[in-house]
>>> print(open('query29.pdb').read())   # PDB, C-alpha atoms
ATOM      1  CA  MET A  21      23.686-255.772-104.984
ATOM      2  CA  HIS A  22      25.607-255.889-108.260
ATOM      3  CA  GLU A  23      26.613-259.438-107.255
ATOM      4  CA  LEU A  24      23.229-260.516-108.679
ATOM      5  CA  SER A  25      24.165-259.402-112.194
ATOM      6  CA  ILE A  26      27.600-261.028-111.824
ATOM      7  CA  VAL A  27      25.986-264.349-110.889
ATOM      8  CA  SER A  28      23.536-264.011-113.821
ATOM      9  CA  SER A  29      26.538-263.584-116.142
ATOM     10  CA  LEU A  30      28.163-266.665-114.611
ATOM     11  CA  ILE A  31      25.051-268.791-115.132
ATOM     12  CA  ASN A  32      24.667-267.624-118.769
ATOM     13  CA  LEU A  33      28.324-268.208-119.521
ATOM     14  CA  ILE A  34      28.476-271.755-118.104
ATOM     15  CA  THR A  35      25.031-272.719-119.457
ATOM     16  CA  ASN A  36      26.001-271.685-123.016
ATOM     17  CA  ASP A  37      29.400-273.359-122.839
ATOM     18  CA  ALA A  38      28.021-276.563-121.264
ATOM     19  CA  GLU A  39      25.327-276.818-123.951
ATOM     20  CA  LYS A  40      27.973-276.700-126.696
ATOM     21  CA  LYS A  41      29.978-279.438-124.975
ATOM     22  CA  LYS A  42      26.882-281.532-124.180
ATOM     23  CA  ILE A  43      27.556-281.250-120.443
ATOM     24  CA  ARG A  44      24.325-281.729-118.525
ATOM     25  CA  LYS A  45      25.504-281.267-114.982
ATOM     26  CA  VAL A  46      28.178-279.077-113.455
ATOM     27  CA  ILE A  47      29.862-280.680-110.439
ATOM     28  CA  SER A  48      32.147-277.882-109.351
ATOM     29  CA  TYR A  49      33.636-274.582-110.515
ATOM     30  CA  ARG A  50      36.275-272.125-109.409
ATOM     31  CA  LEU A  51      35.640-268.376-109.184
ATOM     32  CA  VAL A  52      38.568-266.003-108.792
ATOM     33  CA  VAL A  53      37.597-262.822-106.963
ATOM     34  CA  GLY A  54      39.997-259.883-107.057
ATOM     35  CA  GLU A  55      40.839-258.217-103.738
ATOM     36  CA  GLN A  56      39.667-254.881-105.143
ATOM     37  CA  SER A  57      36.823-256.181-107.317
ATOM     38  CA  SER A  58      34.159-254.551-105.098
ATOM     39  CA  VAL A  59      32.499-257.954-104.881
ATOM     40  CA  ASP A  60      31.192-258.959-101.468
ATOM     41  CA  THR A  61      31.665-262.724-101.281
ATOM     42  CA  ARG A  62      28.783-263.067 -98.793
ATOM     43  CA  CYS A  63      26.411-261.363-101.255
ATOM     44  CA  LEU A  64      27.902-263.479-104.019
ATOM     45  CA  THR A  65      27.242-266.712-102.086
ATOM     46  CA  PHE A  66      23.697-265.535-101.318
ATOM     47  CA  ALA A  67      23.077-264.784-105.016
ATOM     48  CA  LEU A  68      24.511-268.175-106.028
ATOM     49  CA  GLU A  69      22.246-269.987-103.562
ATOM     50  CA  HIS A  70      19.173-268.235-104.913
ATOM     51  CA  LEU A  71      19.865-268.063-108.651
ATOM     52  CA  THR A  72      21.445-271.432-109.475
ATOM     53  CA  PRO A  73      18.522-273.797-108.617
ATOM     54  CA  GLY A  74      16.929-275.051-111.812
ATOM     55  CA  THR A  75      20.083-274.318-113.844
ATOM     56  CA  VAL A  76      23.014-276.474-114.916
ATOM     57  CA  LEU A  77      24.821-275.137-111.818
ATOM     58  CA  GLU A  78      22.292-276.483-109.312
ATOM     59  CA  GLY A  79      24.076-278.267-106.474
ATOM     60  CA  ALA A  80      27.557-277.615-107.916
ATOM     61  CA  LYS A  81      30.389-276.936-105.484
ATOM     62  CA  CYS A  82      31.737-273.397-105.772
ATOM     63  CA  GLU A  83      35.364-272.767-104.886
ATOM     64  CA  LEU A  84      36.092-269.093-104.253
ATOM     65  CA  VAL A  85      39.710-267.975-104.584
ATOM     66  CA  ARG A  86      40.933-264.484-103.680
ATOM     67  CA  GLU A  87      43.301-262.860-106.184
ATOM     68  CA  LYS A  88      45.884-260.436-104.795
ATOM     69  CA  SER A  89      46.117-256.982-106.363
ATOM     70  CA  GLU A  90      48.925-255.922-108.643
ATOM     71  CA  GLY A  91      49.318-252.420-109.994
ATOM     72  CA  ARG A  92      51.547-250.235-112.125
ATOM     73  CA  CYS A  93      52.375-246.602-111.452
ATOM     74  CA  LYS A  94      51.080-244.319-114.214
ATOM     75  CA  ILE A  95      53.982-241.943-113.629
ATOM     76  CA  CYS A  96      57.139-244.037-113.061
ATOM     77  CA  ALA A  97      55.888-247.458-114.276
ATOM     78  CA  ASN A  98      56.876-249.085-110.966
ATOM     79  CA  TYR A  99      55.073-252.389-110.291
ATOM     80  CA  PHE A 100      53.671-252.759-106.775
ATOM     81  CA  LYS A 101      50.730-253.928-104.695
ATOM     82  CA  PRO A 102      48.206-251.072-104.644
ATOM     83  CA  GLU A 103      46.797-250.535-101.179
ATOM     84  CA  PRO A 104      43.665-248.579-100.305
ATOM     85  CA  PRO A 105      42.767-245.802 -99.800
ATOM     86  CA  PHE A 106      44.970-244.173-102.456
ATOM     87  CA  TYR A 107      46.477-247.136-104.350
ATOM     88  CA  SER A 108      49.358-244.764-105.061
ATOM     89  CA  CYS A 109      52.950-245.645-105.869
ATOM     90  CA  PRO A 110      55.185-246.180-102.812
ATOM     91  CA  LYS A 111      58.126-244.737-104.776
ATOM     92  CA  CYS A 112      56.805-241.516-106.357
ATOM     93  CA  HIS A 113      53.198-241.312-104.944
ATOM     94  CA  GLY A 114      51.823-241.300-108.500
ATOM     95  CA  SER A 115      48.410-242.852-109.132
ATOM     96  CA  SER A 116      48.192-246.435-110.288
ATOM     97  CA  GLU A 117      46.334-248.684-112.645
ATOM     98  CA  PHE A 118      45.355-252.213-111.705
ATOM     99  CA  ILE A 119      46.887-255.146-113.534
ATOM    100  CA  LYS A 120      45.309-257.737-111.269
ATOM    101  CA  GLY A 121      42.772-257.768-108.483
ATOM    102  CA  ARG A 122      39.954-255.618-109.942
ATOM    103  CA  ASP A 123      38.106-258.418-111.737
ATOM    104  CA  ILE A 124      36.055-261.467-110.976
ATOM    105  CA  TYR A 125      36.349-264.388-113.356
ATOM    106  CA  ILE A 126      35.542-268.048-113.748
ATOM    107  CA  GLU A 127      38.713-270.089-114.052
ATOM    108  CA  TYR A 128      37.166-273.477-114.822
ATOM    109  CA  TYR A 129      34.221-275.738-114.259
ATOM    110  CA  GLU A 130      33.925-279.515-114.044
ATOM    111  CA  GLY A 131      30.938-281.271-115.498
ATOM    112  CA  GLU A 132      29.619-284.513-116.853
TER     113      GLU A 132
ATOM    114  CA  MET B   9      35.549-283.223-117.683
ATOM    115  CA  ARG B  10      37.267-279.989-116.663
ATOM    116  CA  VAL B  11      36.659-276.953-118.883
ATOM    117  CA  TYR B  12      38.982-273.971-118.545
ATOM    118  CA  LEU B  13      37.175-270.722-119.374
ATOM    119  CA  ALA B  14      39.173-267.925-117.712
ATOM    120  CA  LYS B  15      36.308-265.545-118.537
ATOM    121  CA  ASN B  16      35.746-262.249-116.825
ATOM    122  CA  LEU B  17      32.222-262.106-115.403
ATOM    123  CA  ARG B  18      31.981-258.429-116.256
ATOM    124  CA  GLU B  19      32.867-259.209-119.873
ATOM    125  CA  ALA B  20      29.233-259.124-121.036
ATOM    126  CA  ASN B  21      28.893-255.555-119.763
ATOM    127  CA  GLN B  22      32.285-254.613-121.219
ATOM    128  CA  SER B  23      31.254-255.943-124.600
ATOM    129  CA  ASN B  24      27.987-253.958-124.501
ATOM    130  CA  ALA B  25      29.920-250.840-123.431
ATOM    131  CA  LEU B  26      32.229-251.302-126.405
ATOM    132  CA  ASP B  27      29.204-251.537-128.736
ATOM    133  CA  ASN B  28      27.831-248.273-127.283
ATOM    134  CA  ARG B  29      31.212-246.606-127.721
ATOM    135  CA  LYS B  30      31.401-247.686-131.376
ATOM    136  CA  ILE B  31      27.930-246.279-132.142
ATOM    137  CA  LEU B  32      28.668-242.988-130.379
ATOM    138  CA  ASP B  33      32.123-242.638-131.932
ATOM    139  CA  GLU B  34      30.645-243.141-135.387
ATOM    140  CA  LYS B  35      28.034-240.432-134.715
ATOM    141  CA  ARG B  36      30.565-238.255-132.851
ATOM    142  CA  ILE B  37      28.352-237.884-129.798
ATOM    143  CA  LEU B  38      29.882-237.218-126.391
ATOM    144  CA  LEU B  39      28.562-239.465-123.598
ATOM    145  CA  VAL B  40      29.048-238.199-120.041
ATOM    146  CA  ASN B  41      28.351-240.499-117.067
ATOM    147  CA  ILE B  42      27.603-238.520-113.890
ATOM    148  CA  ILE B  43      28.156-240.441-110.655
ATOM    149  CA  GLY B  44      27.653-239.233-107.085
ATOM    150  CA  SER B  45      26.061-239.995-103.724
ATOM    151  CA  PRO B  46      22.374-239.287-103.121
ATOM    152  CA  GLY B  47      22.071-235.552-102.477
ATOM    153  CA  SER B  48      25.417-234.632-103.995
ATOM    154  CA  GLY B  49      23.713-232.292-106.460
ATOM    155  CA  LYS B  50      23.709-234.321-109.685
ATOM    156  CA  THR B  51      20.305-233.119-110.900
ATOM    157  CA  THR B  52      20.887-229.509-109.877
ATOM    158  CA  LEU B  53      24.262-229.548-111.609
ATOM    159  CA  LEU B  54      22.614-230.920-114.756
ATOM    160  CA  GLU B  55      19.873-228.265-114.668
ATOM    161  CA  HIS B  56      22.471-225.501-114.631
ATOM    162  CA  THR B  57      24.788-227.221-117.108
ATOM    163  CA  LEU B  58      21.970-227.870-119.598
ATOM    164  CA  LYS B  59      20.764-224.266-119.433
ATOM    165  CA  ILE B  60      24.139-223.205-120.839
ATOM    166  CA  ILE B  61      25.150-226.177-122.993
ATOM    167  CA  SER B  62      21.762-226.411-124.770
ATOM    168  CA  LYS B  63      22.286-222.941-126.240
ATOM    169  CA  GLY B  64      25.028-224.256-128.505
ATOM    170  CA  TYR B  65      24.502-228.003-128.653
ATOM    171  CA  ARG B  66      21.764-230.602-128.936
ATOM    172  CA  ALA B  67      21.654-232.248-125.524
ATOM    173  CA  ALA B  68      19.763-235.169-123.981
ATOM    174  CA  VAL B  69      19.709-236.844-120.578
ATOM    175  CA  ILE B  70      19.299-240.470-119.561
ATOM    176  CA  GLU B  71      17.969-240.223-116.038
ATOM    177  CA  ALA B  72      18.289-243.207-113.718
ATOM    178  CA  ASP B  73      16.373-243.556-110.493
ATOM    179  CA  LEU B  74      15.176-246.472-108.462
ATOM    180  CA  TYR B  75      11.486-245.556-108.725
ATOM    181  CA  THR B  76      10.510-241.927-109.304
ATOM    182  CA  SER B  77      10.614-239.644-112.332
ATOM    183  CA  GLU B  78      10.780-236.322-110.464
ATOM    184  CA  ASP B  79      14.287-235.550-111.684
ATOM    185  CA  SER B  80      13.260-236.021-115.328
ATOM    186  CA  GLY B  81      10.588-233.356-114.832
ATOM    187  CA  ARG B  82      13.209-230.935-113.542
ATOM    188  CA  LEU B  83      15.502-231.486-116.534
ATOM    189  CA  GLU B  84      12.953-231.613-119.366
ATOM    190  CA  PRO B  85      12.703-227.810-119.811
ATOM    191  CA  TRP B  86      16.449-227.532-120.388
ATOM    192  CA  CYS B  87      17.238-230.106-123.082
ATOM    193  CA  GLU B  88      15.759-231.823-126.115
ATOM    194  CA  THR B  89      14.777-235.032-124.396
ATOM    195  CA  VAL B  90      14.995-236.883-121.095
ATOM    196  CA  LEU B  91      14.704-240.662-120.978
ATOM    197  CA  GLN B  92      13.832-242.151-117.634
ATOM    198  CA  ILE B  93      15.181-245.504-116.520
ATOM    199  CA  ASN B  94      13.712-246.904-113.290
ATOM    200  CA  THR B  95      15.875-249.724-111.999
ATOM    201  CA  GLU B  96      13.246-250.708-109.365
ATOM    202  CA  GLY B  97      15.789-251.241-106.632
ATOM    203  CA  GLY B  98      18.793-251.933-108.890
ATOM    204  CA  CYS B  99      21.873-250.118-107.614
ATOM    205  CA  HIS B 100      23.528-249.233-110.936
ATOM    206  CA  LEU B 101      23.034-248.920-114.676
ATOM    207  CA  GLU B 102      24.474-251.435-117.109
ATOM    208  CA  ALA B 103      25.702-250.809-120.632
ATOM    209  CA  ARG B 104      22.913-252.900-122.173
ATOM    210  CA  TYR B 105      20.284-250.425-120.883
ATOM    211  CA  ILE B 106      22.035-247.601-122.713
ATOM    212  CA  GLY B 107      22.527-249.776-125.810
ATOM    213  CA  HIS B 108      18.809-250.568-125.877
ATOM    214  CA  LEU B 109      17.966-246.844-125.869
ATOM    215  CA  LEU B 110      20.495-246.035-128.605
ATOM    216  CA  THR B 111      19.529-248.859-130.942
ATOM    217  CA  ALA B 112      15.848-249.601-130.268
ATOM    218  CA  GLU B 113      13.823-247.420-127.949
ATOM    219  CA  ALA B 114      15.172-243.936-128.629
ATOM    220  CA  PRO B 115      17.303-243.854-131.800
ATOM    221  CA  TYR B 116      16.728-240.073-131.986
ATOM    222  CA  LEU B 117      19.430-239.874-129.294
ATOM    223  CA  LEU B 118      21.862-240.328-132.169
ATOM    224  CA  ASP B 119      20.974-236.809-133.417
ATOM    225  CA  MET B 120      22.397-235.238-130.243
ATOM    226  CA  ASP B 121      25.817-233.642-129.713
ATOM    227  CA  ILE B 122      25.995-234.619-126.057
ATOM    228  CA  ILE B 123      24.180-237.164-123.886
ATOM    229  CA  PHE B 124      24.387-237.041-120.104
ATOM    230  CA  ILE B 125      23.649-240.056-117.939
ATOM    231  CA  GLU B 126      22.605-239.292-114.388
ATOM    232  CA  ASN B 127      23.531-242.572-112.724
ATOM    233  CA  ILE B 128      21.922-244.004-109.571
ATOM    234  CA  GLY B 129      23.033-242.105-106.427
ATOM    235  CA  ASN B 130      25.733-244.473-105.207
ATOM    236  CA  LEU B 131      29.537-244.373-105.137
ATOM    237  CA  ILE B 132      30.159-248.131-105.195
ATOM    238  CA  CYS B 133      28.241-250.102-107.826
ATOM    239  CA  PRO B 134      28.071-247.527-110.691
ATOM    240  CA  ALA B 135      31.876-247.308-110.590
ATOM    241  CA  GLU B 136      32.072-250.984-111.579
ATOM    242  CA  PHE B 137      30.018-250.726-114.783
ATOM    243  CA  ASP B 138      31.384-249.044-117.886
ATOM    244  CA  LEU B 139      28.481-247.672-119.925
ATOM    245  CA  GLY B 140      30.557-246.735-122.965
ATOM    246  CA  GLU B 141      31.031-243.170-121.773
ATOM    247  CA  ASP B 142      33.718-240.772-122.992
ATOM    248  CA  LEU B 143      33.805-238.978-119.666
ATOM    249  CA  ARG B 144      33.085-240.229-116.197
ATOM    250  CA  VAL B 145      32.426-237.323-113.857
ATOM    251  CA  THR B 146      32.155-238.086-110.143
ATOM    252  CA  LEU B 147      30.725-235.567-107.715
ATOM    253  CA  LEU B 148      32.021-234.838-104.244
ATOM    254  CA  THR B 149      29.889-232.496-102.240
ATOM    255  CA  VAL B 150      30.967-230.231 -99.404
ATOM    256  CA  THR B 151      28.168-231.416 -97.095
ATOM    257  CA  GLU B 152      29.176-235.098 -97.261
ATOM    258  CA  GLY B 153      32.730-234.438 -96.058
ATOM    259  CA  ASN B 154      36.157-234.463 -97.690
ATOM    260  CA  ASP B 155      36.835-238.081 -96.690
ATOM    261  CA  LYS B 156      34.702-239.559 -99.488
ATOM    262  CA  PRO B 157      37.514-240.037-102.058
ATOM    263  CA  ARG B 158      39.463-241.956 -99.401
ATOM    264  CA  LYS B 159      36.416-244.051 -98.536
ATOM    265  CA  TYR B 160      35.334-244.729-102.129
ATOM    266  CA  PRO B 161      38.601-244.435-104.080
ATOM    267  CA  LEU B 162      37.605-246.661-106.986
ATOM    268  CA  ALA B 163      34.831-244.243-108.002
ATOM    269  CA  TYR B 164      37.392-241.462-108.362
ATOM    270  CA  GLN B 165      40.229-243.563-109.781
ATOM    271  CA  ASP B 166      38.487-244.177-113.118
ATOM    272  CA  SER B 167      36.997-240.677-113.493
ATOM    273  CA  GLN B 168      38.200-237.958-115.833
ATOM    274  CA  ALA B 169      36.840-235.217-113.584
ATOM    275  CA  THR B 170      35.513-234.559-110.114
ATOM    276  CA  LEU B 171      33.197-231.675-109.379
ATOM    277  CA  ILE B 172      33.309-230.465-105.779
ATOM    278  CA  THR B 173      29.757-229.167-105.458
ATOM    279  CA  LYS B 174      28.027-226.728-103.062
ATOM    280  CA  THR B 175      31.237-224.783-102.372
ATOM    281  CA  ASP B 176      29.081-221.855-101.149
ATOM    282  CA  LEU B 177      28.577-223.998 -98.014
ATOM    283  CA  LEU B 178      32.313-224.284 -97.278
ATOM    284  CA  PRO B 179      32.174-221.708 -94.426
ATOM    285  CA  TYR B 180      29.513-223.795 -92.662
ATOM    286  CA  CYS B 181      30.998-227.278 -93.085
ATOM    287  CA  SER B 182      34.165-228.898 -91.784
ATOM    288  CA  PHE B 183      35.257-229.739 -95.322
ATOM    289  CA  ASP B 184      39.007-229.439 -95.871
ATOM    290  CA  LEU B 185      39.299-228.451 -99.531
ATOM    291  CA  ASN B 186      43.091-228.828 -99.671
ATOM    292  CA  GLU B 187      42.922-232.290 -98.170
ATOM    293  CA  ALA B 188      40.241-233.270-100.706
ATOM    294  CA  LEU B 189      42.381-231.977-103.596
ATOM    295  CA  ASN B 190      45.467-233.818-102.314
ATOM    296  CA  ASP B 191      43.541-237.069-101.823
ATOM    297  CA  LEU B 192      42.026-236.876-105.308
ATOM    298  CA  LYS B 193      45.461-236.347-106.891
ATOM    299  CA  MET B 194      46.879-239.284-104.917
ATOM    300  CA  ILE B 195      44.096-241.532-106.226
ATOM    301  CA  ASN B 196      44.173-240.199-109.780
ATOM    302  CA  THR B 197      47.024-237.905-110.835
ATOM    303  CA  ALA B 198      45.324-236.972-114.109
ATOM    304  CA  ILE B 199      41.895-236.110-112.679
ATOM    305  CA  LYS B 200      40.509-232.622-113.399
ATOM    306  CA  VAL B 201      38.920-231.058-110.346
ATOM    307  CA  PHE B 202      36.314-228.296-110.555
ATOM    308  CA  PRO B 203      35.172-226.809-107.230
ATOM    309  CA  LEU B 204      31.889-225.051-107.992
ATOM    310  CA  SER B 205      28.604-223.708-106.704
ATOM    311  CA  VAL B 206      25.465-223.393-108.791
ATOM    312  CA  GLN B 207      24.108-220.921-106.211
ATOM    313  CA  THR B 208      26.885-218.360-106.662
ATOM    314  CA  GLY B 209      27.987-219.473-110.147
ATOM    315  CA  ASN B 210      31.596-219.770-108.957
ATOM    316  CA  GLY B 211      33.540-222.377-110.933
ATOM    317  CA  ILE B 212      30.694-223.130-113.375
ATOM    318  CA  GLY B 213      32.506-221.377-116.246
ATOM    319  CA  ASP B 214      35.579-223.625-115.989
ATOM    320  CA  TRP B 215      33.449-226.775-115.929
ATOM    321  CA  ILE B 216      31.411-225.667-118.966
ATOM    322  CA  GLN B 217      34.537-224.662-120.869
ATOM    323  CA  TRP B 218      36.104-228.086-120.207
ATOM    324  CA  LEU B 219      32.888-229.836-121.244
ATOM    325  CA  LYS B 220      32.543-227.792-124.445
ATOM    326  CA  ALA B 221      36.151-228.573-125.381
ATOM    327  CA  HIS B 222      35.285-232.280-125.124
ATOM    328  CA  VAL B 223      32.095-231.897-127.204
ATOM    329  CA  GLU B 224      34.137-230.114-129.899
ATOM    330  CA  ALA B 225      36.925-232.702-129.756
ATOM    331  CA  LYS B 226      34.335-235.457-130.204
ATOM    332  CA  LYS B 227      32.700-233.641-133.130
ATOM    333  CA  ASN B 228      36.107-233.537-134.812
ATOM    334  CA  TYR B 229      36.927-237.118-133.837
ATOM    335  CA  ALA B 230      38.549-238.816-136.805
ATOM    336  CA  GLY B 231      38.265-242.382-135.508
ATOM    337  CA  ASN B 232      40.949-244.931-134.863
TER     338      ASN B 232
END
>>> encode(input="query29.pdb", output="structure tokens")
Amino acid sequence: MHELSIVSSLINLITNDAEKKKIRKVISYRLVVGEQSSVDTRCLTFALEHLTPGTVLEGAKCELVREKSEGRCKICANYFKPEPPFYSCPKCHGSSEFIKGRDIYIEYYEGE
Amino acid sequence: MRVYLAKNLREANQSNALDNRKILDEKRILLVNIIGSPGSGKTTLLEHTLKIISKGYRAAVIEADLYTSEDSGRLEPWCETVLQINTEGGCHLEARYIGHLLTAEAPYLLDMDIIFIENIGNLICPAEFDLGEDLRVTLLTVTEGNDKPRKYPLAYQDSQATLITKTDLLPYCSFDLNEALNDLKMINTAIKVFPLSVQTGNGIGDWIQWLKAHVEAKKNYAGN
């Protein structure tokens, strides 16, 4: 459900940027979705289909790219790929923080 | 023409959360975001917490529900003010809702010592939206089973504390307390865990003491 607010942010961000650059139509854009971003890409696609008509993004091709997770152990500073359910360090079992893979971001868009 | 943005789509919420944090830091008000499944005991916990905390501090609650305002009615007798947010189906709160209350709709919140947010009953979406809180407290209740941290680890990973509620029901439920404690520590080594029951009062004292220490620390906050 929170995919709706993510898509609203996307539309606002591109609309504002495109206006500044005098871009009237967006042809394509690339979204990077972290493995652990809690974003359901099916819900995301559904929200895009329903929210983009009538905006600068109408009809634009969306490329979705999955970003692999990277984490750092809070105890021993080991870098590793955090895996659910615990995301803990394979070396010392300490808890981790995400460096990559928790976010969703727009990498670029193409317009004319 | 290709335009590289590399912009996080949660950045708008993060920016609003930062604004909330600045306002609350300046006024030295502690903001506590309570997250938990439906039926995990968030409102009951708040009733009992407010009864004690309100004796020494000015307390308010921001109460989020999809549609009803029943919970607000339960909390009103125990604090200075309760502000109801109905998300009308929305699964989480966003920082801009809290910012709107602080700066426009209810500026008297800035006279409080502590503000609690009772988030929407959900362990997925609320975990993704920073509201500008000092403390994120996630509930785990005995009746829902000890597997919830394993099933919803991200909710517990970013929390400062977990309250294991309804511990008076432990003899009647197949809830493995040790397993829950181990799982929580694996997900978040620094997390404080308070097993408690509002029915028997067991564990409430430790939770209140921890909370009061944070209210005092915030009152004495010297800024960055």
>>> resolve_selection(input="query29.pdb", expression="the ChimeraX specification (/A :<9) & /B", output="number ranges by chain")
B: 9-20, 98-100, 132-133, 136, 157-162, 165, 191-198
>>> atom_distance(input="query29.pdb", atom1="atom CA of A:Glu103", atom2="atom CA of A:Gly54")
13.0 Å
>>> closest_residue(input="query29.pdb", among="B:Leu109, B:Arg36, B:Phe202, B:Gly49", to="B:Ala225", atoms="only C-alpha atoms")
B:Arg36
>>> closest_atom_pairs(input="query29.pdb", of="stretch 82-120 of chain A", to="stretch 63-69 of chain A", cutoff="12 Å", atoms="all atoms listed in the file", output="JSON lines")
{"residue": "A:Cys82", "atom": "CA", "partner": "A:Thr65", "partner_atom": "CA", "distance": 8.9}
{"residue": "A:Glu83", "atom": "CA", "partner": "A:Thr65", "partner_atom": "CA", "distance": 10.5}
{"residue": "A:Leu84", "atom": "CA", "partner": "A:Thr65", "partner_atom": "CA", "distance": 9.4}
>>> atom_distance(input="query29.pdb", atom1="atom CA of A:Gly91", atom2="atom CA of B:Ser167")
17.4 Å
>>> residues_near_point(input="query29.pdb", point="(23.7, -281.9, -107.3)", cutoff="10 Å", atoms="all atoms listed in the file", output="CSV table (one decimal) with C-alpha atoms, in the coordinates of the input")
chain,number,residue,atom,x,y,z
A,45,LYS,CA,25.5,-281.3,-115.0
A,46,VAL,CA,28.2,-279.1,-113.5
A,47,ILE,CA,29.9,-280.7,-110.4
A,48,SER,CA,32.1,-277.9,-109.4
A,73,PRO,CA,18.5,-273.8,-108.6
A,76,VAL,CA,23.0,-276.5,-114.9
A,77,LEU,CA,24.8,-275.1,-111.8
A,78,GLU,CA,22.3,-276.5,-109.3
A,79,GLY,CA,24.1,-278.3,-106.5
A,80,ALA,CA,27.6,-277.6,-107.9
A,81,LYS,CA,30.4,-276.9,-105.5
>>> closest_residue(input="query29.pdb", among="B:Leu139, B:Val90, B:Ile199, B:Ile122", to="B:Ile106", atoms="only C-alpha atoms")
B:Leu139
>>> atom_distance(input="query29.pdb", atom1="atom CA of A:Lys120", atom2="atom CA of B:Gln22")
16.7 Å
>>> closest_residue(input="query29.pdb", among="B:Thr89, B:Thr173, B:Gln217, B:Asn228", to="B:Ile37", atoms="all atoms listed in the file")
B:Asn228
